[in-house]
Amino acid sequence: MINLINNCLFYCLKYCFLGFCIFIYSFNVVFIVKLAKCFLLILLIMKRVLFLLLFLTISMFNAQIHMNIGSTNTGTAPVSTFFSYSYVQQIYPKQELNASASGNITGLTFYLDPSSKITDSSNWTVYLGHTSKTAFTSATDWVPLAQLTQVFEGTVINNNGKVQIVFASPFAFNNTDNLVVAAKENSASIDINNFDEVFHVYPHLQYSTLYYKGDKMVIDPVSPPGGIRADYKSAVTFSGLTPRTTPGCPFVTNPLNNAFVSPVFSNISWLPVEGAGSYKVSLGTSPGGTDLINQQPVTANTMSPALTLVRNTDYYLKVVAVSGAGESTGCQDIFFRVPPTPVNDDCANALVASVFPYTYVQNDGVTATNNAGNIAVCSDAMNDGTWFKFTGDGSEFTVVITLPSGSTFDPQMGIYMGSCGNLTCRGTVDSNGAGGQEGARFVTVAGTDYYINIGSFEETVDVPEGNFTISITKT
């Protein structure tokens, strides 16, 4: 671009000088008039060329989408610098990219501290691709290499806190699917850097990133080994894409779409949106409804409404981001439901397990009540949650509680003998924290009824339960 401007000036001066020489030589009035018109035409053309170049320059610098480039957190993305070899895939949803249209991605910029060393982590191969995934569902849920396009292979450097990658050929992003960014690091050595990773990342949706890192072998992206999922992604700039002038729609993290929630509704939360200064929250009992909360302004990315929701009712939540340029558009409702009280909410209505193995998915546990109060039959008291019952036959039984991915429910299992009005303690189990599995194995007495209560571990206060799966087997 600078060369083009220089060339324009050079030819303008060249022909001006030539014209001046001819003028001195001939001193023809008619020729002087024509030469003046020529000069004016050249000046007009140059003016337009300069305006065009200025416009193209501004457009070039605006054609960038930044993803949390101010973050200073570090993680294993886009590659690992602390292990010899790594392969990392990251998902950037269309909603997050918030591009104004489809377009060509011409390069990527990743961020790190200017002093960080990546000399021994600089042999990169980079791929881009489209996907319908929003998260990696398992440690082996890699996007197949056949669905990716190699956009770079070579050596990278830390240029004052940036690793800038320019593609030989642009990648055509369709602005319909989500974007996969994959990178393979092939160097045999490692960079120490205070014994930690150095690339800047930011927190995002659960399992947004899948990575493998090790010291034994270069990873083959055709068949990568099982990796580790992470809830963060690289701070990155996508060159070539133009962002919308208005911010993107927030990702609501609580409640989740299609979730069952407790009537005691205490928290709405969402991920921060790039460029947003505030948010508006609406909640209603019909799609797009605002009968409970009507576009309430919020400056943080969380809200604690003082609401008690109605059982057996559907709710619709919408959060939009606001910036100086306007509000995000096209944001979808988050649907959630407060189910009715579980059928096995109290001891008297315990679900009976009679055929083994027995499995039950308690997907309405969030609306369990505490009935008459916490259960203190055992010395380790607990909430009154949901109940199950089976009759012993002298065999050894195993009871296991598993929770859905991402659950924050911290369950305790209470095991009792006798009858609901006269329970005796067999034992309690609370070995793990929130989201953890609980289990117990014990030998039963033939003909004795056993009651199992799955509730919050809290001994003295009522805390909402969560959803879980119970399995009862005998050996």
# chains A, B, ... in the order shown; residues from 1 in each chain; ligands from 1
>>> closest_atom_pairs(of="range 402-467 of chain A", to="range 199-212 of chain A", cutoff="12 Å", atoms="only C-alpha atoms", output="JSON lines")
{"residue": "A:Ser405", "atom": "CA", "partner": "A:Gln206", "partner_atom": "CA", "distance": 9.7}
{"residue": "A:Gly406", "atom": "CA", "partner": "A:Gln206", "partner_atom": "CA", "distance": 8.0}
{"residue": "A:Ser407", "atom": "CA", "partner": "A:Gln206", "partner_atom": "CA", "distance": 11.7}
>>> residues_around(residues="Gly373 in chain A", least_positions_apart="6", cutoff="9 Å", atoms="only C-alpha atoms", output="list in words")
Asn383, Asp384, Thr460, Val461 and Asp462 of chain A
>>> closest_residue(among="A:Thr408, A:Asn374, A:Asn344, A:Asn98", to="Ser328 in chain A", atoms="only C-alpha atoms")
A:Asn98
>>> residues_around(residues="Phe167 in chain A", least_positions_apart="2", cutoff="7 Å", atoms="only C-alpha atoms", output="number ranges by chain")
A: 106-107, 151-152, 165, 169-170
>>> write_last_selection(atoms="N, CA, C and O atoms", output="mmCIF file, in the first residue's frame")
data_model
loop_
_atom_site.group_PDB
_atom_site.id
_atom_site.type_symbol
_atom_site.label_atom_id
_atom_site.label_comp_id
_atom_site.auth_asym_id
_atom_site.auth_seq_id
_atom_site.Cartn_x
_atom_site.Cartn_y
_atom_site.Cartn_z
ATOM 1 N N THR A 106 -8.003 -14.534 7.354
ATOM 2 C CA THR A 106 -6.678 -14.453 6.725
ATOM 3 C C THR A 106 -5.533 -14.712 7.699
ATOM 4 O O THR A 106 -4.391 -14.837 7.280
ATOM 5 N N GLY A 107 -5.845 -14.756 9.002
ATOM 6 C CA GLY A 107 -4.793 -15.005 9.972
ATOM 7 C C GLY A 107 -5.323 -15.040 11.387
ATOM 8 O O GLY A 107 -6.497 -14.730 11.640
ATOM 9 N N VAL A 151 -4.153 -24.480 7.449
ATOM 10 C CA VAL A 151 -3.990 -23.088 7.022
ATOM 11 C C VAL A 151 -2.581 -22.560 7.283
ATOM 12 O O VAL A 151 -2.217 -21.495 6.790
ATOM 13 N N PHE A 152 -1.792 -23.308 8.056
ATOM 14 C CA PHE A 152 -0.436 -22.837 8.373
ATOM 15 C C PHE A 152 0.427 -24.003 8.817
ATOM 16 O O PHE A 152 -0.033 -24.912 9.509
ATOM 17 N N ILE A 165 -0.043 -15.264 13.010
ATOM 18 C CA ILE A 165 -0.005 -16.286 11.974
ATOM 19 C C ILE A 165 -0.769 -15.760 10.767
ATOM 20 O O ILE A 165 -1.947 -15.405 10.883
ATOM 21 N N SER A 169 -3.278 -19.093 2.225
ATOM 22 C CA SER A 169 -4.585 -19.011 1.560
ATOM 23 C C SER A 169 -5.638 -18.799 2.632
ATOM 24 O O SER A 169 -5.612 -19.473 3.665
ATOM 25 N N PRO A 170 -6.578 -17.884 2.432
ATOM 26 C CA PRO A 170 -7.590 -17.605 3.465
ATOM 27 C C PRO A 170 -8.546 -18.770 3.655
ATOM 28 O O PRO A 170 -8.726 -19.607 2.760
#
>>> atom_distance(atom1="CA of Asn186 in chain A", atom2="CA of Thr72 in chain A")
24.9 Å
>>> select_by_dssp(residues="range 231-464 of chain A", states="helix (DSSP H, G or I)", output="VMD selection string")
chain A and resid 347 to 349 365 to 367
>>> write_last_selection(atoms="all heavy atoms", output="PDB file, in the first residue's frame")
ATOM      1  N   CYS A 347     -40.885 -40.265  52.695  1.00  0.00           N
ATOM      2  CA  CYS A 347     -40.612 -41.677  52.992  1.00  0.00           C
ATOM      3  C   CYS A 347     -41.800 -42.577  52.668  1.00  0.00           C
ATOM      4  O   CYS A 347     -41.641 -43.670  52.129  1.00  0.00           O
ATOM      5  CB  CYS A 347     -40.216 -41.806  54.463  1.00  0.00           C
ATOM      6  SG  CYS A 347     -39.868 -43.499  55.000  1.00  0.00           S
ATOM      7  N   ALA A 348     -42.999 -42.096  52.966  1.00  0.00           N
ATOM      8  CA  ALA A 348     -44.199 -42.913  52.791  1.00  0.00           C
ATOM      9  C   ALA A 348     -44.443 -43.253  51.325  1.00  0.00           C
ATOM     10  O   ALA A 348     -45.117 -44.246  51.020  1.00  0.00           O
ATOM     11  CB  ALA A 348     -45.409 -42.199  53.377  1.00  0.00           C
ATOM     12  N   ASN A 349     -43.918 -42.430  50.409  1.00  0.00           N
ATOM     13  CA  ASN A 349     -44.115 -42.670  48.981  1.00  0.00           C
ATOM     14  C   ASN A 349     -42.817 -43.081  48.293  1.00  0.00           C
ATOM     15  O   ASN A 349     -42.621 -42.808  47.107  1.00  0.00           O
ATOM     16  CB  ASN A 349     -44.678 -41.412  48.321  1.00  0.00           C
ATOM     17  CG  ASN A 349     -46.092 -41.108  48.771  1.00  0.00           C
ATOM     18  OD1 ASN A 349     -46.975 -41.952  48.660  1.00  0.00           O
ATOM     19  ND2 ASN A 349     -46.310 -39.910  49.293  1.00  0.00           N
ATOM     20  N   GLY A 365     -35.451 -33.905  40.966  1.00  0.00           N
ATOM     21  CA  GLY A 365     -34.980 -33.808  42.343  1.00  0.00           C
ATOM     22  C   GLY A 365     -34.868 -32.381  42.846  1.00  0.00           C
ATOM     23  O   GLY A 365     -34.909 -32.132  44.057  1.00  0.00           O
ATOM     24  N   VAL A 366     -34.733 -31.415  41.922  1.00  0.00           N
ATOM     25  CA  VAL A 366     -34.580 -30.021  42.337  1.00  0.00           C
ATOM     26  C   VAL A 366     -35.808 -29.489  43.057  1.00  0.00           C
ATOM     27  O   VAL A 366     -35.731 -28.481  43.768  1.00  0.00           O
ATOM     28  CB  VAL A 366     -34.259 -29.119  41.124  1.00  0.00           C
ATOM     29  CG1 VAL A 366     -32.895 -29.429  40.575  1.00  0.00           C
ATOM     30  CG2 VAL A 366     -35.328 -29.260  40.051  1.00  0.00           C
ATOM     31  N   THR A 367     -36.970 -30.143  42.890  1.00  0.00           N
ATOM     32  CA  THR A 367     -38.184 -29.638  43.543  1.00  0.00           C
ATOM     33  C   THR A 367     -38.577 -30.463  44.772  1.00  0.00           C
ATOM     34  O   THR A 367     -39.691 -30.332  45.280  1.00  0.00           O
ATOM     35  CB  THR A 367     -39.367 -29.622  42.543  1.00  0.00           C
ATOM     36  OG1 THR A 367     -39.538 -30.925  41.982  1.00  0.00           O
ATOM     37  CG2 THR A 367     -39.117 -28.622  41.433  1.00  0.00           C
TER      38      THR A 367
END
>>> residues_around(residues="range 422-428 of chain A", least_positions_apart="3", cutoff="9 Å", atoms="only C-alpha atoms", output="number ranges by chain")
A: 377-381, 412-419, 440, 450-451
>>> write_last_selection(atoms="C-alpha atoms", output="short mmCIF file (atom, residue, chain, number, x, y, z; two decimals), in the first residue's frame")
data_model
loop_
_atom_site.label_atom_id
_atom_site.label_comp_id
_atom_site.auth_asym_id
_atom_site.auth_seq_id
_atom_site.Cartn_x
_atom_site.Cartn_y
_atom_site.Cartn_z
CA VAL A 377 -31.91 -40.58 62.46
CA CYS A 378 -28.16 -41.01 62.04
CA SER A 379 -25.63 -38.83 63.83
CA ASP A 380 -24.73 -37.27 60.47
CA ALA A 381 -28.02 -35.48 59.77
CA GLN A 412 -25.62 -37.41 50.89
CA MET A 413 -27.03 -40.92 51.01
CA GLY A 414 -28.88 -41.99 54.12
CA ILE A 415 -29.63 -45.71 54.58
CA TYR A 416 -32.22 -46.74 57.16
CA MET A 417 -34.04 -49.87 58.31
CA GLY A 418 -37.51 -50.39 59.72
CA SER A 419 -40.56 -48.32 58.78
CA ALA A 440 -22.39 -47.87 49.57
CA TYR A 450 -34.28 -50.66 53.72
CA TYR A 451 -35.03 -47.02 53.00
#
>>> residues_around(residues="range 442-446 of chain A", least_positions_apart="2", cutoff="9 Å", atoms="only C-alpha atoms", output="list in words")
Thr391, Gly392, Asp393, Gly394, Ser395, Glu396, Phe397, Thr398, Val399, Ala440, Thr448, Asp449 and Tyr450 of chain A
>>> atom_distance(atom1="CA of Leu108 in chain A", atom2="CA of Ser278 in chain A")
28.4 Å
>>> closest_residue(among="A:Thr329, A:Thr246, A:Ser282, A:Asn193", to="Thr74 in chain A", atoms="only C-alpha atoms")
A:Asn193
>>> closest_residue(among="A:Leu403, A:Val222, A:Val126, A:Leu292", to="Val361 in chain A", atoms="only C-alpha atoms")
A:Leu403
>>> decode(residues="range 303-317 of chain A", atoms="all heavy atoms", output="PDB file, in the first residue's frame")
ATOM      1  N   MET A 303     -27.355 -11.983  38.155  1.00  0.00           N
ATOM      2  CA  MET A 303     -28.498 -11.296  38.734  1.00  0.00           C
ATOM      3  C   MET A 303     -29.162 -12.239  39.730  1.00  0.00           C
ATOM      4  O   MET A 303     -29.270 -13.450  39.481  1.00  0.00           O
ATOM      5  CB  MET A 303     -29.487 -10.896  37.632  1.00  0.00           C
ATOM      6  CG  MET A 303     -30.755 -10.231  38.124  1.00  0.00           C
ATOM      7  SD  MET A 303     -31.863  -9.870  36.730  1.00  0.00           S
ATOM      8  CE  MET A 303     -33.260  -9.171  37.607  1.00  0.00           C
ATOM      9  N   SER A 304     -29.586 -11.711  40.855  1.00  0.00           N
ATOM     10  CA  SER A 304     -30.237 -12.522  41.885  1.00  0.00           C
ATOM     11  C   SER A 304     -31.640 -11.989  42.123  1.00  0.00           C
ATOM     12  O   SER A 304     -31.865 -11.152  43.011  1.00  0.00           O
ATOM     13  CB  SER A 304     -29.420 -12.488  43.185  1.00  0.00           C
ATOM     14  OG  SER A 304     -28.135 -13.021  42.988  1.00  0.00           O
ATOM     15  N   PRO A 305     -32.613 -12.444  41.346  1.00  0.00           N
ATOM     16  CA  PRO A 305     -33.976 -11.943  41.508  1.00  0.00           C
ATOM     17  C   PRO A 305     -34.639 -12.507  42.762  1.00  0.00           C
ATOM     18  O   PRO A 305     -34.414 -13.664  43.134  1.00  0.00           O
ATOM     19  CB  PRO A 305     -34.692 -12.443  40.249  1.00  0.00           C
ATOM     20  CG  PRO A 305     -33.937 -13.675  39.861  1.00  0.00           C
ATOM     21  CD  PRO A 305     -32.509 -13.433  40.256  1.00  0.00           C
ATOM     22  N   ALA A 306     -35.433 -11.702  43.414  1.00  0.00           N
ATOM     23  CA  ALA A 306     -36.167 -12.148  44.609  1.00  0.00           C
ATOM     24  C   ALA A 306     -37.487 -12.753  44.150  1.00  0.00           C
ATOM     25  O   ALA A 306     -38.553 -12.129  44.247  1.00  0.00           O
ATOM     26  CB  ALA A 306     -36.383 -10.978  45.557  1.00  0.00           C
ATOM     27  N   LEU A 307     -37.405 -13.981  43.652  1.00  0.00           N
ATOM     28  CA  LEU A 307     -38.595 -14.640  43.108  1.00  0.00           C
ATOM     29  C   LEU A 307     -38.759 -16.033  43.699  1.00  0.00           C
ATOM     30  O   LEU A 307     -37.777 -16.739  43.920  1.00  0.00           O
ATOM     31  CB  LEU A 307     -38.482 -14.774  41.575  1.00  0.00           C
ATOM     32  CG  LEU A 307     -38.529 -13.502  40.733  1.00  0.00           C
ATOM     33  CD1 LEU A 307     -38.259 -13.855  39.282  1.00  0.00           C
ATOM     34  CD2 LEU A 307     -39.885 -12.815  40.870  1.00  0.00           C
ATOM     35  N   THR A 308     -39.989 -16.405  43.957  1.00  0.00           N
ATOM     36  CA  THR A 308     -40.330 -17.783  44.254  1.00  0.00           C
ATOM     37  C   THR A 308     -41.200 -18.281  43.115  1.00  0.00           C
ATOM     38  O   THR A 308     -42.312 -17.772  42.902  1.00  0.00           O
ATOM     39  CB  THR A 308     -41.088 -17.907  45.585  1.00  0.00           C
ATOM     40  OG1 THR A 308     -40.254 -17.425  46.650  1.00  0.00           O
ATOM     41  CG2 THR A 308     -41.448 -19.363  45.858  1.00  0.00           C
ATOM     42  N   LEU A 309     -40.700 -19.231  42.360  1.00  0.00           N
ATOM     43  CA  LEU A 309     -41.391 -19.697  41.172  1.00  0.00           C
ATOM     44  C   LEU A 309     -42.466 -20.725  41.536  1.00  0.00           C
ATOM     45  O   LEU A 309     -42.434 -21.328  42.605  1.00  0.00           O
ATOM     46  CB  LEU A 309     -40.388 -20.300  40.195  1.00  0.00           C
ATOM     47  CG  LEU A 309     -39.237 -19.359  39.780  1.00  0.00           C
ATOM     48  CD1 LEU A 309     -38.333 -20.050  38.769  1.00  0.00           C
ATOM     49  CD2 LEU A 309     -39.774 -18.049  39.223  1.00  0.00           C
ATOM     50  N   VAL A 310     -43.371 -20.906  40.607  1.00  0.00           N
ATOM     51  CA  VAL A 310     -44.531 -21.783  40.825  1.00  0.00           C
ATOM     52  C   VAL A 310     -44.226 -23.167  40.257  1.00  0.00           C
ATOM     53  O   VAL A 310     -43.728 -23.300  39.135  1.00  0.00           O
ATOM     54  CB  VAL A 310     -45.782 -21.186  40.153  1.00  0.00           C
ATOM     55  CG1 VAL A 310     -46.986 -22.098  40.367  1.00  0.00           C
ATOM     56  CG2 VAL A 310     -46.075 -19.792  40.700  1.00  0.00           C
ATOM     57  N   ARG A 311     -44.527 -24.184  41.040  1.00  0.00           N
ATOM     58  CA  ARG A 311     -44.306 -25.557  40.577  1.00  0.00           C
ATOM     59  C   ARG A 311     -45.187 -25.869  39.372  1.00  0.00           C
ATOM     60  O   ARG A 311     -46.253 -25.303  39.197  1.00  0.00           O
ATOM     61  CB  ARG A 311     -44.609 -26.548  41.704  1.00  0.00           C
ATOM     62  CG  ARG A 311     -43.652 -26.430  42.890  1.00  0.00           C
ATOM     63  CD  ARG A 311     -44.043 -27.421  43.984  1.00  0.00           C
ATOM     64  NE  ARG A 311     -43.235 -27.213  45.190  1.00  0.00           N
ATOM     65  CZ  ARG A 311     -42.041 -27.771  45.382  1.00  0.00           C
ATOM     66  NH1 ARG A 311     -41.542 -28.581  44.453  1.00  0.00           N
ATOM     67  NH2 ARG A 311     -41.368 -27.528  46.486  1.00  0.00           N
ATOM     68  N   ASN A 312     -44.691 -26.783  38.556  1.00  0.00           N
ATOM     69  CA  ASN A 312     -45.397 -27.245  37.372  1.00  0.00           C
ATOM     70  C   ASN A 312     -45.671 -26.090  36.398  1.00  0.00           C
ATOM     71  O   ASN A 312     -46.743 -26.003  35.801  1.00  0.00           O
ATOM     72  CB  ASN A 312     -46.701 -27.943  37.759  1.00  0.00           C
ATOM     73  CG  ASN A 312     -47.173 -28.894  36.675  1.00  0.00           C
ATOM     74  OD1 ASN A 312     -46.382 -29.395  35.882  1.00  0.00           O
ATOM     75  ND2 ASN A 312     -48.469 -29.149  36.632  1.00  0.00           N
ATOM     76  N   THR A 313     -44.673 -25.201  36.240  1.00  0.00           N
ATOM     77  CA  THR A 313     -44.827 -24.022  35.390  1.00  0.00           C
ATOM     78  C   THR A 313     -43.607 -23.872  34.496  1.00  0.00           C
ATOM     79  O   THR A 313     -42.474 -24.138  34.910  1.00  0.00           O
ATOM     80  CB  THR A 313     -45.004 -22.753  36.249  1.00  0.00           C
ATOM     81  OG1 THR A 313     -46.121 -22.933  37.118  1.00  0.00           O
ATOM     82  CG2 THR A 313     -45.231 -21.520  35.375  1.00  0.00           C
ATOM     83  N   ASP A 314     -43.837 -23.403  33.254  1.00  0.00           N
ATOM     84  CA  ASP A 314     -42.762 -23.143  32.307  1.00  0.00           C
ATOM     85  C   ASP A 314     -42.366 -21.669  32.374  1.00  0.00           C
ATOM     86  O   ASP A 314     -43.214 -20.783  32.547  1.00  0.00           O
ATOM     87  CB  ASP A 314     -43.200 -23.471  30.883  1.00  0.00           C
ATOM     88  CG  ASP A 314     -43.510 -24.948  30.698  1.00  0.00           C
ATOM     89  OD1 ASP A 314     -43.030 -25.759  31.517  1.00  0.00           O
ATOM     90  OD2 ASP A 314     -44.244 -25.291  29.751  1.00  0.00           O
ATOM     91  N   TYR A 315     -41.055 -21.408  32.173  1.00  0.00           N
ATOM     92  CA  TYR A 315     -40.546 -20.043  32.223  1.00  0.00           C
ATOM     93  C   TYR A 315     -39.627 -19.793  31.033  1.00  0.00           C
ATOM     94  O   TYR A 315     -38.987 -20.720  30.511  1.00  0.00           O
ATOM     95  CB  TYR A 315     -39.785 -19.795  33.526  1.00  0.00           C
ATOM     96  CG  TYR A 315     -40.692 -19.808  34.734  1.00  0.00           C
ATOM     97  CD1 TYR A 315     -40.925 -20.996  35.438  1.00  0.00           C
ATOM     98  CD2 TYR A 315     -41.323 -18.654  35.171  1.00  0.00           C
ATOM     99  CE1 TYR A 315     -41.764 -21.019  36.537  1.00  0.00           C
ATOM    100  CE2 TYR A 315     -42.163 -18.664  36.275  1.00  0.00           C
ATOM    101  CZ  TYR A 315     -42.380 -19.850  36.950  1.00  0.00           C
ATOM    102  OH  TYR A 315     -43.221 -19.871  38.032  1.00  0.00           O
ATOM    103  N   TYR A 316     -39.569 -18.515  30.631  1.00  0.00           N
ATOM    104  CA  TYR A 316     -38.774 -18.111  29.472  1.00  0.00           C
ATOM    105  C   TYR A 316     -37.904 -16.914  29.859  1.00  0.00           C
ATOM    106  O   TYR A 316     -38.419 -15.878  30.282  1.00  0.00           O
ATOM    107  CB  TYR A 316     -39.678 -17.764  28.292  1.00  0.00           C
ATOM    108  CG  TYR A 316     -40.522 -18.929  27.849  1.00  0.00           C
ATOM    109  CD1 TYR A 316     -41.741 -19.220  28.494  1.00  0.00           C
ATOM    110  CD2 TYR A 316     -40.112 -19.766  26.814  1.00  0.00           C
ATOM    111  CE1 TYR A 316     -42.509 -20.296  28.105  1.00  0.00           C
ATOM    112  CE2 TYR A 316     -40.876 -20.847  26.426  1.00  0.00           C
ATOM    113  CZ  TYR A 316     -42.076 -21.110  27.070  1.00  0.00           C
ATOM    114  OH  TYR A 316     -42.839 -22.183  26.692  1.00  0.00           O
ATOM    115  N   LEU A 317     -36.592 -17.084  29.706  1.00  0.00           N
ATOM    116  CA  LEU A 317     -35.611 -16.076  30.107  1.00  0.00           C
ATOM    117  C   LEU A 317     -34.877 -15.561  28.874  1.00  0.00           C
ATOM    118  O   LEU A 317     -34.506 -16.330  27.990  1.00  0.00           O
ATOM    119  CB  LEU A 317     -34.604 -16.697  31.080  1.00  0.00           C
ATOM    120  CG  LEU A 317     -33.342 -15.898  31.408  1.00  0.00           C
ATOM    121  CD1 LEU A 317     -33.685 -14.674  32.252  1.00  0.00           C
ATOM    122  CD2 LEU A 317     -32.332 -16.782  32.132  1.00  0.00           C
TER     123      LEU A 317
END
